[in-house]
$ cat my_file-v1.cif   # mmCIF, C-alpha atoms
data_my_file
#
loop_
_atom_site.label_atom_id
_atom_site.label_comp_id
_atom_site.auth_asym_id
_atom_site.auth_seq_id
_atom_site.Cartn_x
_atom_site.Cartn_y
_atom_site.Cartn_z
CA MET E 11 8.06 -25.27 -25.31
CA ARG E 12 10.85 -26.84 -23.32
CA ARG E 13 11.78 -23.51 -21.74
CA ALA E 14 8.15 -22.69 -20.92
CA SER E 15 7.65 -26.07 -19.25
CA ALA E 16 10.67 -25.52 -17.08
CA GLN E 17 9.37 -22.10 -16.16
CA ARG E 18 6.04 -23.56 -15.07
CA ARG E 19 7.81 -25.88 -12.66
CA GLN E 20 9.45 -22.97 -10.84
CA PRO E 21 8.06 -22.88 -7.29
CA ILE E 22 6.88 -19.55 -5.98
CA PRO E 23 8.78 -19.08 -2.71
CA CYS E 24 6.90 -18.63 0.52
CA LEU E 25 7.95 -15.15 1.63
CA ALA E 26 5.70 -14.84 4.65
CA PRO E 27 6.74 -15.60 8.22
CA LYS E 28 6.75 -19.32 8.94
CA HIS E 29 4.48 -19.19 11.94
CA VAL E 30 1.47 -17.07 12.74
CA LEU E 31 -1.37 -17.24 15.18
CA ALA E 32 -4.58 -15.86 13.67
CA LYS E 33 -6.85 -14.91 16.51
CA LEU E 34 -10.60 -14.99 16.18
CA TRP E 35 -12.67 -12.53 18.12
CA ARG E 36 -14.00 -13.95 21.34
CA TYR E 37 -17.12 -12.77 23.02
CA ASN E 38 -16.20 -13.84 26.55
CA GLY E 39 -13.32 -11.39 26.73
CA THR E 40 -10.54 -13.87 27.53
CA GLU E 41 -7.03 -13.74 26.07
CA ASP E 42 -5.59 -17.23 26.26
CA GLU E 43 -4.28 -18.24 22.82
CA ILE E 44 -0.84 -19.73 22.64
CA ALA E 45 1.01 -19.95 19.31
CA ALA E 46 2.57 -23.37 18.85
CA ARG E 47 5.92 -23.28 17.09
CA GLN E 48 6.53 -25.87 14.38
CA THR E 49 10.22 -25.68 13.58
CA GLY E 50 11.14 -25.83 9.92
CA ARG E 51 7.58 -25.89 8.58
CA ALA E 52 6.10 -23.00 6.61
CA THR E 53 2.61 -23.18 8.08
CA PHE E 54 -0.10 -20.97 9.45
CA VAL E 55 -0.95 -22.05 12.99
CA LEU E 56 -4.61 -21.21 13.53
CA ARG E 57 -5.89 -21.63 17.07
CA PRO E 58 -9.38 -20.13 17.06
CA SER E 59 -10.96 -19.33 20.38
CA MET E 60 -14.51 -20.15 21.31
CA VAL E 61 -17.08 -17.77 19.85
CA ASN E 62 -20.63 -17.15 20.89
CA PRO E 63 -22.64 -20.11 19.53
CA ALA E 64 -25.53 -17.75 18.78
CA HIS E 65 -23.54 -16.36 15.87
CA GLY E 66 -23.27 -19.67 14.08
CA ALA E 67 -21.30 -19.28 10.85
CA SER E 68 -21.15 -15.49 11.11
CA PRO E 69 -18.50 -13.77 8.96
CA ASN E 70 -17.29 -12.33 12.27
CA VAL E 71 -15.46 -15.63 12.69
CA ALA E 72 -13.56 -15.46 9.39
CA LEU E 73 -12.81 -11.77 9.00
CA PRO E 74 -10.38 -11.47 11.92
CA VAL E 75 -8.41 -14.31 10.35
CA VAL E 76 -8.12 -12.19 7.19
CA HIS E 77 -6.98 -9.25 9.35
CA GLU E 78 -4.33 -11.38 11.07
CA ILE E 79 -3.06 -12.77 7.77
CA GLY E 80 -2.55 -9.14 6.74
CA HIS E 81 0.03 -9.03 9.53
CA VAL E 82 1.75 -12.06 8.02
CA PHE E 83 2.51 -9.97 4.96
CA GLY E 84 3.83 -7.04 6.96
CA LEU E 85 0.76 -4.85 7.49
CA VAL E 86 0.35 -3.15 10.87
CA ASP E 87 -2.81 -2.30 12.79
CA GLU E 88 -4.46 0.96 11.78
CA TYR E 89 -6.45 1.30 14.99
CA GLY E 90 -5.44 2.86 18.29
CA GLY E 91 -6.26 2.19 21.91
CA LYS E 92 -3.72 -0.54 22.61
CA ARG E 93 -0.86 1.60 23.90
CA PRO E 94 -0.37 5.03 25.49
CA THR E 95 -1.02 7.99 23.23
CA GLU E 96 2.02 9.72 21.72
CA GLN E 97 4.23 6.71 22.44
CA VAL E 98 7.34 7.12 20.33
CA GLU E 99 9.24 4.15 18.97
CA PRO E 100 12.45 4.02 16.92
CA PRO E 101 11.91 4.71 13.20
CA LYS E 102 10.73 1.70 11.27
CA ALA E 103 9.18 1.52 7.82
CA PHE E 104 5.64 0.15 7.74
CA PRO E 105 3.60 -0.06 4.53
CA ASN E 106 0.40 1.29 6.13
CA GLY E 107 1.43 3.24 9.23
CA GLN E 108 3.86 6.01 10.17
CA TRP E 109 4.81 7.73 13.37
CA ARG E 110 3.99 11.42 13.29
CA TYR E 111 7.52 12.58 14.11
CA GLU E 112 8.85 10.75 11.05
CA LEU E 113 6.91 13.15 8.81
CA PHE E 114 8.59 16.34 10.04
CA ARG E 115 11.21 17.92 7.82
CA ARG E 116 14.58 18.37 9.47
CA PRO E 117 17.54 20.64 8.68
CA GLY E 118 19.15 19.58 5.44
CA ASP E 119 16.16 17.61 4.14
CA PRO E 120 15.39 18.47 0.50
CA LEU E 121 12.04 20.00 -0.39
CA GLY E 122 9.63 17.59 -2.06
CA ASP E 123 7.17 18.59 -4.77
CA TYR E 124 4.37 19.29 -2.28
CA ASP E 125 6.39 20.47 0.75
CA PRO E 126 5.69 24.17 1.49
CA ALA E 127 8.90 26.18 1.30
CA THR E 128 7.86 28.22 4.36
CA THR E 129 7.66 25.22 6.68
CA LEU E 130 10.44 25.25 9.27
CA PRO E 131 11.69 22.05 10.95
CA THR E 132 10.63 23.39 14.36
CA GLU E 133 7.03 23.91 13.26
CA GLN E 134 6.36 20.19 13.22
CA ARG E 135 4.18 20.38 10.13
CA ILE E 136 3.72 17.30 7.98
CA SER E 137 5.95 17.01 4.91
CA PRO E 138 4.02 15.12 2.18
CA SER E 139 7.28 13.93 0.61
CA LYS E 140 7.91 11.80 3.70
CA ILE E 141 4.65 9.81 3.49
CA VAL E 142 5.69 6.24 2.67
CA TRP E 143 2.72 5.29 0.49
CA ALA E 144 2.77 8.62 -1.37
CA ALA E 145 5.97 7.48 -3.10
CA TRP E 146 4.26 4.49 -4.73
CA PRO E 147 2.85 5.04 -8.24
CA ARG E 148 -0.49 3.77 -9.44
CA LEU E 149 0.25 0.89 -11.81
CA ARG E 150 -1.45 -0.02 -15.07
CA ALA E 151 0.68 -3.12 -15.53
CA ALA E 152 3.26 -5.09 -13.59
CA GLY E 153 5.05 -8.37 -14.13
CA GLU E 154 7.50 -10.45 -12.13
CA LEU E 155 10.90 -11.25 -13.59
CA VAL E 156 12.06 -14.88 -13.79
CA ALA E 157 15.63 -14.01 -14.83
CA PRO E 158 17.84 -10.93 -14.63
CA PRO E 159 17.40 -8.48 -17.52
CA ALA E 160 19.85 -8.88 -20.36
CA ILE E 161 21.42 -6.06 -22.39
CA VAL E 162 21.83 -6.95 -26.07
CA GLY E 163 23.21 -3.96 -27.95
CA THR E 164 20.70 -1.13 -27.52
CA THR E 165 17.96 -3.47 -26.25
CA VAL E 166 17.12 -4.64 -22.74
CA ARG E 167 15.39 -8.04 -22.72
CA VAL E 168 13.12 -8.76 -19.75
CA GLN E 169 11.71 -12.25 -19.23
CA LEU E 170 8.52 -12.31 -17.17
CA ARG E 171 6.55 -15.02 -15.42
CA ILE E 172 4.04 -16.73 -17.71
CA GLY E 173 1.07 -14.47 -18.41
CA HIS E 174 2.58 -11.40 -16.76
CA ALA E 175 3.31 -9.64 -20.07
CA LEU E 176 -0.34 -9.47 -21.13
CA ASN E 177 -0.91 -5.87 -20.01
CA PHE E 178 2.20 -4.46 -21.67
CA ALA E 179 2.27 -2.99 -25.20
CA VAL E 180 4.69 -1.38 -27.63
CA ASP E 181 5.59 2.29 -27.01
CA GLN E 182 4.73 2.24 -23.31
CA TYR E 183 7.40 3.66 -20.98
CA VAL E 184 8.14 1.17 -18.22
CA LYS E 185 10.59 0.73 -15.34
CA LEU E 186 12.29 -2.09 -13.53
CA ARG E 187 11.69 -1.98 -9.77
CA GLN E 188 13.05 -3.96 -6.87
CA ARG E 189 10.88 -5.71 -4.29
CA PRO E 190 9.69 -5.51 -1.61
CA LEU E 191 8.57 -1.89 -1.67
CA LEU E 192 10.13 -1.18 1.73
CA GLY E 193 13.50 -1.90 3.29
CA GLY E 194 17.01 -1.80 1.92
CA ALA E 195 17.02 -0.79 -1.73
CA GLY E 196 13.37 -1.80 -2.15
CA GLY E 197 12.44 1.51 -3.72
CA ARG E 198 15.11 1.48 -6.42
CA ASN E 199 13.81 1.95 -9.97
CA SER E 200 15.50 1.90 -13.33
CA PRO E 201 15.07 4.86 -15.67
CA ALA E 202 11.93 4.76 -17.82
CA MET E 203 12.47 2.81 -21.04
CA ARG E 204 10.23 2.43 -24.09
CA ILE E 205 8.85 -0.98 -25.04
CA THR E 206 9.87 -1.92 -28.59
CA GLU E 207 8.49 -5.49 -28.69
CA VAL E 208 6.42 -7.92 -26.64
CA ILE E 209 7.16 -11.50 -27.69
CA GLY E 210 5.29 -14.04 -25.58
CA ASP E 211 6.51 -13.50 -22.02
CA GLU E 212 9.52 -11.44 -23.08
CA VAL E 213 9.37 -7.64 -23.12
CA ARG E 214 12.08 -5.83 -25.06
CA LEU E 215 13.01 -2.27 -24.13
CA GLU E 216 14.96 0.51 -25.79
CA ARG E 217 17.89 0.84 -23.41
CA ALA E 218 18.23 4.19 -21.66
CA PRO E 219 21.80 5.57 -21.90
CA SER E 220 22.05 5.63 -18.10
CA PHE E 221 21.11 1.94 -17.80
CA THR E 222 24.35 -0.06 -18.04
CA SER E 223 25.54 -3.60 -17.40
CA GLY E 224 26.40 -2.53 -13.86
CA ASP E 225 22.70 -1.93 -13.17
CA ILE E 226 21.76 -5.51 -14.05
CA LEU E 227 22.81 -6.74 -10.59
CA ASP E 228 20.29 -4.38 -9.00
CA PHE E 229 17.50 -6.29 -10.71
CA ASP E 230 18.80 -9.82 -10.37
CA VAL E 231 16.51 -12.73 -9.45
CA VAL E 232 17.73 -14.26 -6.20
CA ALA E 233 16.37 -17.41 -4.55
CA ASP E 234 14.15 -16.88 -1.48
CA LYS E 235 13.77 -13.16 -2.19
CA PRO E 236 10.95 -11.36 -4.02
CA ALA E 237 11.87 -11.07 -7.69
CA PRO E 238 12.07 -7.61 -9.27
CA VAL E 239 9.12 -6.41 -11.34
CA LEU E 240 8.57 -4.54 -14.58
CA ILE E 241 6.05 -1.76 -13.95
CA LEU E 242 3.95 0.62 -16.04
CA PRO E 243 3.05 3.66 -13.88
CA LEU E 244 -0.14 5.57 -14.59
CA ARG E 245 0.74 8.98 -16.05
CA ARG E 246 -1.08 12.18 -16.87
CA PRO E 247 -0.62 13.61 -20.38
CA GLY E 248 1.93 16.36 -20.87
CA ALA E 249 5.33 17.36 -22.17
CA GLU E 250 7.24 16.62 -18.98
CA THR E 251 9.38 13.52 -18.57
CA PRO E 252 7.52 10.24 -17.85
CA ALA E 253 8.80 10.28 -14.25
CA ARG E 254 7.37 13.77 -13.62
CA ARG E 255 3.94 12.76 -14.92
CA GLU E 256 3.47 9.66 -12.74
CA GLN E 257 0.38 9.57 -10.54
CA GLY E 258 0.98 8.34 -6.99
CA LEU E 259 -1.38 6.47 -4.69
CA VAL E 260 -2.12 9.80 -2.99
CA ALA E 261 -3.68 12.19 -5.52
CA PRO E 262 -1.62 15.35 -6.21
CA GLU E 263 -4.47 17.59 -5.00
CA ILE E 264 -4.54 15.72 -1.69
CA LEU E 265 -0.76 15.84 -1.26
CA ALA E 266 -0.69 19.57 -1.96
CA HIS E 267 -3.48 20.15 0.56
CA ILE E 268 -1.74 18.10 3.27
CA GLY E 269 1.37 20.20 2.69
CA GLU E 270 -0.57 23.46 2.89
CA SER E 271 -2.74 22.56 5.88
CA GLY E 272 -0.08 20.63 7.78
CA GLY E 273 -2.69 18.26 9.22
CA PRO E 274 -4.34 14.90 8.49
CA LEU E 275 -7.50 14.58 6.39
CA ASN E 276 -9.72 13.82 9.38
CA ALA E 277 -8.64 16.99 11.21
CA ALA E 278 -11.06 19.89 11.57
CA ALA E 279 -11.03 21.89 8.34
CA ASP E 280 -10.78 25.18 10.25
CA ASN E 281 -8.02 23.99 12.58
CA PRO E 282 -5.96 21.18 11.03
CA LEU E 283 -3.01 21.77 13.37
CA ARG E 284 -5.09 21.39 16.52
CA PRO E 285 -3.83 18.95 19.19
CA CYS E 286 -5.01 15.42 18.54
CA THR E 287 -8.15 14.41 20.38
CA PRO E 288 -8.57 10.62 20.70
CA ALA E 289 -11.72 9.42 18.99
CA GLU E 290 -14.47 7.80 21.05
CA SER E 291 -13.81 4.53 19.24
CA PRO E 292 -10.26 3.63 18.09
CA VAL E 293 -11.68 1.47 15.28
CA ALA E 294 -14.50 3.68 13.93
CA SER E 295 -14.43 4.90 10.33
CA GLN E 296 -12.91 8.35 9.84
CA PHE E 297 -14.44 10.84 7.43
CA PRO E 298 -12.07 13.19 5.54
CA ARG E 299 -13.28 16.58 6.85
CA ASN E 300 -10.09 18.44 5.88
CA LEU E 301 -10.17 18.35 2.06
CA PRO E 302 -9.26 20.97 -0.57
CA ALA E 303 -12.09 23.45 -1.06
CA THR E 304 -11.73 23.11 -4.84
CA LEU E 305 -11.24 19.35 -4.91
CA THR E 306 -11.76 17.96 -8.41
CA ARG E 307 -14.45 15.30 -8.07
CA THR E 308 -15.09 12.37 -10.34
CA PRO E 309 -18.64 11.28 -11.29
CA ALA E 310 -18.24 8.32 -8.93
CA MET E 311 -17.48 10.69 -6.05
CA GLU E 312 -20.81 12.42 -6.60
CA GLY E 313 -22.70 9.13 -6.29
CA ALA E 314 -24.59 8.08 -3.19
CA MET E 315 -22.54 4.88 -2.79
CA PHE E 316 -19.15 6.60 -2.83
CA ARG E 317 -17.08 5.85 0.28
CA TRP E 318 -15.37 9.11 1.25
CA PRO E 319 -13.17 7.38 3.87
CA SER E 320 -11.59 5.49 0.93
CA ILE E 321 -9.73 8.63 -0.18
CA VAL E 322 -6.06 7.90 0.51
CA GLY E 323 -3.93 10.41 2.38
CA LEU E 324 -3.25 10.66 6.13
CA TYR E 325 -5.66 9.86 8.98
CA GLN E 326 -5.02 10.14 12.71
CA GLY E 327 -4.12 7.04 14.73
CA GLY E 328 -2.72 3.61 14.01
CA ILE E 329 0.08 1.25 15.08
CA GLY E 330 -1.91 0.80 18.29
CA VAL E 331 -2.00 4.47 19.40
CA ASN E 332 -4.79 7.04 19.08
CA CYS E 333 -2.46 10.00 18.53
CA GLY E 334 1.12 10.30 17.34
CA ALA E 335 0.74 8.04 14.28
CA TYR E 336 -1.06 8.08 10.94
CA HIS E 337 -2.58 5.53 8.56
CA PRO E 338 -3.57 5.84 4.88
CA ALA E 339 -7.40 5.77 4.72
CA GLY E 340 -10.39 6.30 6.95
CA ASP E 341 -11.67 2.77 6.56
CA CYS E 342 -9.72 -0.50 6.30
CA MET E 343 -9.72 -4.15 7.29
CA MET E 344 -6.53 -3.39 9.25
CA ARG E 345 -8.39 -0.76 11.30
CA GLY E 346 -10.98 -3.32 12.28
CA ALA E 347 -12.68 -6.14 10.41
CA SER E 348 -16.11 -4.58 10.89
CA GLU E 349 -17.72 -1.33 11.92
CA GLU E 350 -18.88 -2.56 15.32
CA SER E 351 -17.07 -1.21 18.38
CA TRP E 352 -14.95 -3.32 20.70
CA ALA E 353 -17.70 -3.19 23.32
CA GLN E 354 -20.31 -4.47 20.85
CA ARG E 355 -18.84 -7.63 19.40
CA THR E 356 -22.13 -9.46 19.53
CA SER E 357 -23.72 -7.89 16.46
CA SER E 358 -25.03 -10.23 13.79
CA ALA E 359 -23.86 -10.52 10.20
CA ALA E 360 -27.11 -8.87 9.13
CA THR E 361 -26.37 -5.65 11.05
CA THR E 362 -22.59 -5.39 10.64
CA GLU E 363 -20.85 -3.56 7.80
CA PHE E 364 -17.71 -5.49 6.87
CA ARG E 365 -14.70 -3.57 5.70
CA PRO E 366 -12.41 -4.20 2.75
CA PHE E 367 -8.69 -3.51 2.88
CA CYS E 368 -7.87 0.10 2.02
CA HIS E 369 -6.11 0.65 -1.29
CA VAL E 370 -2.64 1.01 0.25
CA CYS E 371 -2.98 -2.37 1.97
CA ARG E 372 -4.39 -3.99 -1.19
CA TYR E 373 -1.53 -2.51 -3.21
CA TRP E 374 1.03 -3.90 -0.78
CA LEU E 375 -0.59 -7.36 -0.72
CA VAL E 376 -0.88 -7.58 -4.51
CA ASP E 377 2.73 -6.50 -4.90
CA ARG E 378 3.85 -9.23 -2.50
CA ILE E 379 1.60 -12.02 -3.81
CA ASP E 380 0.94 -11.48 -7.55
CA PRO E 381 2.08 -8.18 -9.13
CA SER E 382 0.31 -9.02 -12.40
CA LYS E 383 -2.99 -8.10 -10.70
CA HIS E 384 -2.01 -4.43 -10.28
CA ARG E 385 -4.07 -3.36 -13.29
CA GLU E 386 -7.26 -4.93 -11.97
CA LEU E 387 -6.54 -3.37 -8.58
CA ASP E 388 -6.03 0.07 -10.12
CA ASP E 389 -9.40 -0.23 -11.90
CA LEU E 390 -11.01 -0.71 -8.47
CA TYR E 391 -9.20 2.28 -7.05
CA ASP E 392 -9.86 4.79 -9.83
CA PRO E 393 -13.37 5.89 -8.70
CA SER E 394 -11.94 6.86 -5.29
CA TYR E 395 -9.09 8.91 -6.78
CA PRO E 396 -9.69 12.68 -6.83
CA GLY E 397 -8.32 14.67 -9.70
CA PRO E 398 -8.78 15.57 -13.34
CA ARG E 399 -8.93 13.07 -16.17
CA PRO E 400 -7.80 11.82 -18.68
CA TYR E 401 -4.68 9.78 -18.17
CA GLU E 402 -2.41 8.23 -20.77
#

$ encode --input "my_file-v1.cif" --output "structure tokens"
Amino acid sequence: MRRASAQRRQPIPCLAPKHVLAKLWRYNGTEDEIAARQTGRATFVLRPSMVNPAHGASPNVALPVVHEIGHVFGLVDEYGGKRPTEQVEPPKAFPNGQWRYELFRRPGDPLGDYDPATTLPTEQRISPSKIVWAAWPRLRAAGELVAPPAIVGTTVRVQLRIGHALNFAVDQYVKLRQRPLLGGAGGRNSPAMRITEVIGDEVRLERAPSFTSGDILDFDVVADKPAPVLILPLRRPGAETPARREQGLVAPEILAHIGESGGPLNAAADNPLRPCTPAESPVASQFPRNLPATLTRTPAMEGAMFRWPSIVGLYQGGIGVNCGAYHPAGDCMMRGASEESWAQRTSSAATTEFRPFCHVCRYWLVDRIDPSKHRELDDLYDPSYPGPRPYE
């Protein structure tokens, strides 16, 4: 009990930027906010502009704040129209946006699982293996470490934050993973190891031969940095190794099709490599018109309420440009808080369809804020995930 009490007193560090201005949409078209800097204080500085009084307490007032707070946690805009088309910037890893040129395979790059062998670097076709969010596995459990893992003989002992071990069970194959997902060694994983015991908030693993005391430092818990996590990837059944059976955020059928077609999902199905044509609205939802002809559909996908733009892959635009960049899904809070166009920001709450975050953005936010919620998040995502069932 004494150890648990001490663990409860551990503060969760504030890992977001210390200062942010969350703009609210204005209906008079002015741009006059100024972010006040408060040195040394971890605060959100909210300076809302005046909104049309006719809207009263419309959700239009709150939703842009949610969008701007997404930026606090590292998400970028998924809409275009702010900067010249095809503007190229130096490579930089974003969780929900990529420049088009970053997806081309270059001489010496290894072939990924879904990269067509016939694609030459000069063809400028998309290489699925280079999509940032395609490398992230769906997770059926995740928990944040409160201490570095300890090797005791043939066992690896992993102490998790209180309550974070609830979704783990004996005989599951799990991994240790660094955080955040991007930057530095953020993508480093341990080999898969089998759970032998779950005792309270401690998970005990059968040590893989390749996991040695030298690897412990890679998964240390350091003050003011996101702690590593223990993860249980979703896997399909089969005789292959656990790592080969993991299911990523982008369904295998979608990745294979992107590799074969060489274009984004909202491209014309008969001409996916056509030059990009800027959409009439840089914030409008995008329907996936370029999908595999034999796409395996789930019962949910056949339903009338299924949101086809929720299928994760690649869609044209983002990072402020209409062409030359891609984002993960056809609909997202980071593409625009609502469906209304920029020229029609006077619609009422009764006539506006408000957008959720796409799954890639939700995944990133959950991983930054509370990784133990990954299972609940994956349950929400499953109906939008093409492909055969069952899973393990």

$ closest_residue --input "my_file-v1.cif" --among "E:Gly118, E:Ala144, E:Ala314, E:Glu256" --to "Tyr183 of chain E" --atoms "all atoms listed in the file"
E:Glu256

$ residues_around --input "my_file-v1.cif" --residues "Tyr391 of chain E" --least-positions-apart "5" --cutoff "9 Å" --atoms "all atoms listed in the file" --output "PDB file with C-alpha atoms, in the coordinates of the input"
ATOM      1  CA  SER E 320     -11.590   5.490   0.930  1.00  0.00           C
ATOM      2  CA  HIS E 369      -6.110   0.650  -1.290  1.00  0.00           C
ATOM      3  CA  GLU E 386      -7.260  -4.930 -11.970  1.00  0.00           C
TER       4      GLU E 386
END

$ resolve_selection --input "my_file-v1.cif" --expression "the PyMOL selection byres ((chain E and resi 175) around 8)" --output "PyMOL selection string"
chain E and resi 152-153+170-174+176-178+208+210-213

$ axis_aligned_box --input "my_file-v1.cif" --around "segment 270-278 of chain E" --padding-each-side "5 Å" --output "JSON"
{"center_x": -5.6, "center_y": 18.6, "center_z": 7.2, "size_x": 21.0, "size_y": 19.6, "size_z": 18.7}

$ closest_residue --input "my_file-v1.cif" --among "E:Glu312, E:Asp234, E:Asp228, E:Asp119" --to "Ser394 of chain E" --atoms "all atoms listed in the file"
E:Glu312

$ residues_around --input "my_file-v1.cif" --residues "segment 296-310 of chain E" --least-positions-apart "6" --cutoff "6 Å" --atoms "only C-alpha atoms" --output "ChimeraX atom specification"
/E:267,275-279,319,340,393,396-397

$ atom_distance --input "my_file-v1.cif" --atom1 "atom CA of Val322 of chain E" --atom2 "atom CA of Trp143 of chain E"
9.2 Å

$ closest_residue --input "my_file-v1.cif" --among "E:Ala179, E:Ile321, E:Leu191, E:Met315" --to "Ala237 of chain E" --atoms "only C-alpha atoms"
E:Leu191

$ resolve_selection --input "my_file-v1.cif" --expression "the PyMOL selection byres ((chain E and resi 85) around 9)" --output "count of residues only"
17

$ closest_residue --input "my_file-v1.cif" --among "E:Leu192, E:Val231, E:Cys333, E:Met343" --to "Val75 of chain E" --atoms "all atoms listed in the file"
E:Met343

$ residues_around --input "my_file-v1.cif" --residues "Arg378 of chain E" --least-positions-apart "5" --cutoff "9 Å" --atoms "only C-alpha atoms" --output "CSV table (one decimal) with C-alpha atoms, in the frame of the given file"
chain,number,residue,atom,x,y,z
E,25,LEU,CA,8.0,-15.2,1.6
E,83,PHE,CA,2.5,-10.0,5.0
E,189,ARG,CA,10.9,-5.7,-4.3
E,190,PRO,CA,9.7,-5.5,-1.6
E,191,LEU,CA,8.6,-1.9,-1.7
E,236,PRO,CA,11.0,-11.4,-4.0
E,373,TYR,CA,-1.5,-2.5,-3.2

$ residues_around --input "my_file-v1.cif" --residues "Gly273 of chain E" --least-positions-apart "5" --cutoff "8 Å" --atoms "all atoms listed in the file" --output "PyMOL selection string"
chain E and resi 135-136+268+282-283

$ residues_around --input "my_file-v1.cif" --residues "Ala266 of chain E" --least-positions-apart "6" --cutoff "8 Å" --atoms "all atoms listed in the file" --output "ChimeraX atom specification"
/E:124-125,138

$ closest_residue --input "my_file-v1.cif" --among "E:Ile379, E:Leu73, E:Ala261, E:Ala289" --to "Leu324 of chain E" --atoms "all atoms listed in the file"
E:Ala261

$ residues_near_point --input "my_file-v1.cif" --point "(23.6, -2.5, -11.7)" --cutoff "12 Å" --atoms "only C-alpha atoms" --output "tab-separated table (two decimals) with C-alpha atoms, in the frame of the given file"
chain	number	residue	atom	x	y	z
E	158	PRO	CA	17.84	-10.93	-14.63
E	159	PRO	CA	17.40	-8.48	-17.52
E	160	ALA	CA	19.85	-8.88	-20.36
E	161	ILE	CA	21.42	-6.06	-22.39
E	186	LEU	CA	12.29	-2.09	-13.53
E	188	GLN	CA	13.05	-3.96	-6.87
E	198	ARG	CA	15.11	1.48	-6.42
E	199	ASN	CA	13.81	1.95	-9.97
E	200	SER	CA	15.50	1.90	-13.33
E	201	PRO	CA	15.07	4.86	-15.67
E	220	SER	CA	22.05	5.63	-18.10
E	221	PHE	CA	21.11	1.94	-17.80
E	222	THR	CA	24.35	-0.06	-18.04
E	223	SER	CA	25.54	-3.60	-17.40
E	224	GLY	CA	26.40	-2.53	-13.86
E	225	ASP	CA	22.70	-1.93	-13.17
E	226	ILE	CA	21.76	-5.51	-14.05
E	227	LEU	CA	22.81	-6.74	-10.59
E	228	ASP	CA	20.29	-4.38	-9.00
E	229	PHE	CA	17.50	-6.29	-10.71
E	230	ASP	CA	18.80	-9.82	-10.37

$ atom_distance --input "my_file-v1.cif" --atom1 "atom CA of Arg284 of chain E" --atom2 "atom CA of Ala145 of chain E"
26.5 Å

$ resolve_selection --input "my_file-v1.cif" --expression "the PyMOL selection byres ((chain E and resi 259) around 6)" --output "VMD selection string"
chain E and resid 144 146 to 148 258 260

$ atom_distance --input "my_file-v1.cif" --atom1 "atom CA of Arg214 of chain E" --atom2 "atom CA of Val180 of chain E"
9.0 Å
